[in-house]
Amino acid sequence: MKTLTINEKLNKMIQELEFKDVKELIRDSLVTGILCRISNFSEEVECFEKKYGKNFTEFNKEYEIGEEEFEKYDDLMAWEFAQQGKEYWEKKLEELKSVL
């Protein structure tokens, strides 16, 4: 594993961006990236909730007992992916908070 060497120029840029140090810069970058992913997945989940007027669990139960519809199946798969992505990144954010 390589070690990052912070030279004077990099350190000055970090300070100009008003970060205390490299650790704070990395932490902020990770939190921002994770929050962006949570936001994107949340928007997708909300679109499906509005479209169908229910949450994923309710929609999934109804789909399982109903007749197969390709559009609903496609939405179910996309919705499930978005729901799992949102939950995954929410857990990663909690993990990050616990180690910082």
# chains A, B, ... in the order shown; residues from 1 in each chain; ligands from 1

$ select_by_dssp --residues "chain A" --states "helix (DSSP H, G or I)" --output "ChimeraX atom specification"
/A:8-16,22-52,56-65,70-99

$ write_last_selection --atoms "C-alpha atoms" --output "PDB file, in the first residue's frame"
ATOM      1  CA  GLU A   8       3.464  22.102   0.687  1.00  0.00           C
ATOM      2  CA  LYS A   9       1.388  22.901  -2.428  1.00  0.00           C
ATOM      3  CA  LEU A  10      -1.243  20.290  -1.630  1.00  0.00           C
ATOM      4  CA  ASN A  11      -1.371  21.347   1.985  1.00  0.00           C
ATOM      5  CA  LYS A  12      -1.901  24.961   0.957  1.00  0.00           C
ATOM      6  CA  MET A  13      -4.754  23.978  -1.405  1.00  0.00           C
ATOM      7  CA  ILE A  14      -6.380  21.959   1.363  1.00  0.00           C
ATOM      8  CA  GLN A  15      -6.199  24.939   3.702  1.00  0.00           C
ATOM      9  CA  GLU A  16      -7.529  27.307   1.007  1.00  0.00           C
ATOM     10  CA  VAL A  22      -6.166  15.812   4.863  1.00  0.00           C
ATOM     11  CA  LYS A  23      -8.205  13.603   7.170  1.00  0.00           C
ATOM     12  CA  GLU A  24     -11.020  16.154   7.264  1.00  0.00           C
ATOM     13  CA  LEU A  25     -10.881  16.503   3.465  1.00  0.00           C
ATOM     14  CA  ILE A  26     -11.160  12.738   2.985  1.00  0.00           C
ATOM     15  CA  ARG A  27     -13.963  12.436   5.532  1.00  0.00           C
ATOM     16  CA  ASP A  28     -15.901  15.271   3.881  1.00  0.00           C
ATOM     17  CA  SER A  29     -15.417  13.784   0.436  1.00  0.00           C
ATOM     18  CA  LEU A  30     -16.636  10.350   1.556  1.00  0.00           C
ATOM     19  CA  VAL A  31     -19.688  11.766   3.335  1.00  0.00           C
ATOM     20  CA  THR A  32     -20.563  13.910   0.312  1.00  0.00           C
ATOM     21  CA  GLY A  33     -20.243  10.968  -2.076  1.00  0.00           C
ATOM     22  CA  ILE A  34     -22.369   8.718   0.110  1.00  0.00           C
ATOM     23  CA  LEU A  35     -25.047  11.385   0.629  1.00  0.00           C
ATOM     24  CA  CYS A  36     -25.208  11.911  -3.125  1.00  0.00           C
ATOM     25  CA  ARG A  37     -25.842   8.212  -3.703  1.00  0.00           C
ATOM     26  CA  ILE A  38     -28.476   8.091  -0.959  1.00  0.00           C
ATOM     27  CA  SER A  39     -30.191  11.090  -2.525  1.00  0.00           C
ATOM     28  CA  ASN A  40     -30.204   9.553  -6.006  1.00  0.00           C
ATOM     29  CA  PHE A  41     -31.621   6.242  -4.797  1.00  0.00           C
ATOM     30  CA  SER A  42     -34.152   8.047  -2.577  1.00  0.00           C
ATOM     31  CA  GLU A  43     -35.439  10.060  -5.530  1.00  0.00           C
ATOM     32  CA  GLU A  44     -35.958   6.888  -7.529  1.00  0.00           C
ATOM     33  CA  VAL A  45     -37.759   5.191  -4.623  1.00  0.00           C
ATOM     34  CA  GLU A  46     -39.999   8.245  -4.191  1.00  0.00           C
ATOM     35  CA  CYS A  47     -40.903   8.219  -7.896  1.00  0.00           C
ATOM     36  CA  PHE A  48     -42.144   4.644  -7.615  1.00  0.00           C
ATOM     37  CA  GLU A  49     -43.988   5.392  -4.371  1.00  0.00           C
ATOM     38  CA  LYS A  50     -45.793   8.267  -6.088  1.00  0.00           C
ATOM     39  CA  LYS A  51     -46.512   6.228  -9.214  1.00  0.00           C
ATOM     40  CA  TYR A  52     -48.101   3.371  -7.284  1.00  0.00           C
ATOM     41  CA  PHE A  56     -42.024  -1.141  -1.926  1.00  0.00           C
ATOM     42  CA  THR A  57     -43.102  -3.840   0.523  1.00  0.00           C
ATOM     43  CA  GLU A  58     -46.802  -3.259  -0.177  1.00  0.00           C
ATOM     44  CA  PHE A  59     -46.250  -3.162  -3.931  1.00  0.00           C
ATOM     45  CA  ASN A  60     -44.166  -6.338  -3.852  1.00  0.00           C
ATOM     46  CA  LYS A  61     -46.837  -8.232  -1.889  1.00  0.00           C
ATOM     47  CA  GLU A  62     -49.550  -7.134  -4.309  1.00  0.00           C
ATOM     48  CA  TYR A  63     -47.436  -8.047  -7.305  1.00  0.00           C
ATOM     49  CA  GLU A  64     -46.748 -11.546  -5.939  1.00  0.00           C
ATOM     50  CA  ILE A  65     -50.462 -12.367  -5.632  1.00  0.00           C
ATOM     51  CA  PHE A  70     -44.257  -6.890 -17.598  1.00  0.00           C
ATOM     52  CA  GLU A  71     -44.281  -3.149 -16.879  1.00  0.00           C
ATOM     53  CA  LYS A  72     -44.936  -3.730 -13.191  1.00  0.00           C
ATOM     54  CA  TYR A  73     -42.256  -6.428 -13.099  1.00  0.00           C
ATOM     55  CA  ASP A  74     -39.721  -4.036 -14.631  1.00  0.00           C
ATOM     56  CA  ASP A  75     -40.703  -1.372 -12.112  1.00  0.00           C
ATOM     57  CA  LEU A  76     -40.497  -3.887  -9.289  1.00  0.00           C
ATOM     58  CA  MET A  77     -36.931  -4.829 -10.246  1.00  0.00           C
ATOM     59  CA  ALA A  78     -35.827  -1.202 -10.623  1.00  0.00           C
ATOM     60  CA  TRP A  79     -37.583  -0.233  -7.388  1.00  0.00           C
ATOM     61  CA  GLU A  80     -35.987  -3.114  -5.499  1.00  0.00           C
ATOM     62  CA  PHE A  81     -32.543  -2.113  -6.790  1.00  0.00           C
ATOM     63  CA  ALA A  82     -33.124   1.502  -5.736  1.00  0.00           C
ATOM     64  CA  GLN A  83     -34.447   0.448  -2.321  1.00  0.00           C
ATOM     65  CA  GLN A  84     -31.490  -1.847  -1.693  1.00  0.00           C
ATOM     66  CA  GLY A  85     -29.028   0.792  -2.915  1.00  0.00           C
ATOM     67  CA  LYS A  86     -30.522   3.389  -0.591  1.00  0.00           C
ATOM     68  CA  GLU A  87     -30.379   1.027   2.395  1.00  0.00           C
ATOM     69  CA  TYR A  88     -26.832  -0.062   1.539  1.00  0.00           C
ATOM     70  CA  TRP A  89     -25.481   3.508   1.421  1.00  0.00           C
ATOM     71  CA  GLU A  90     -27.388   4.501   4.566  1.00  0.00           C
ATOM     72  CA  LYS A  91     -25.577   1.659   6.374  1.00  0.00           C
ATOM     73  CA  LYS A  92     -22.246   2.771   4.891  1.00  0.00           C
ATOM     74  CA  LEU A  93     -22.888   6.305   6.167  1.00  0.00           C
ATOM     75  CA  GLU A  94     -23.508   4.939   9.665  1.00  0.00           C
ATOM     76  CA  GLU A  95     -20.319   2.866   9.423  1.00  0.00           C
ATOM     77  CA  LEU A  96     -18.377   5.949   8.367  1.00  0.00           C
ATOM     78  CA  LYS A  97     -19.790   7.955  11.269  1.00  0.00           C
ATOM     79  CA  SER A  98     -18.743   5.229  13.703  1.00  0.00           C
ATOM     80  CA  VAL A  99     -15.119   5.241  12.550  1.00  0.00           C
TER      81      VAL A  99
END
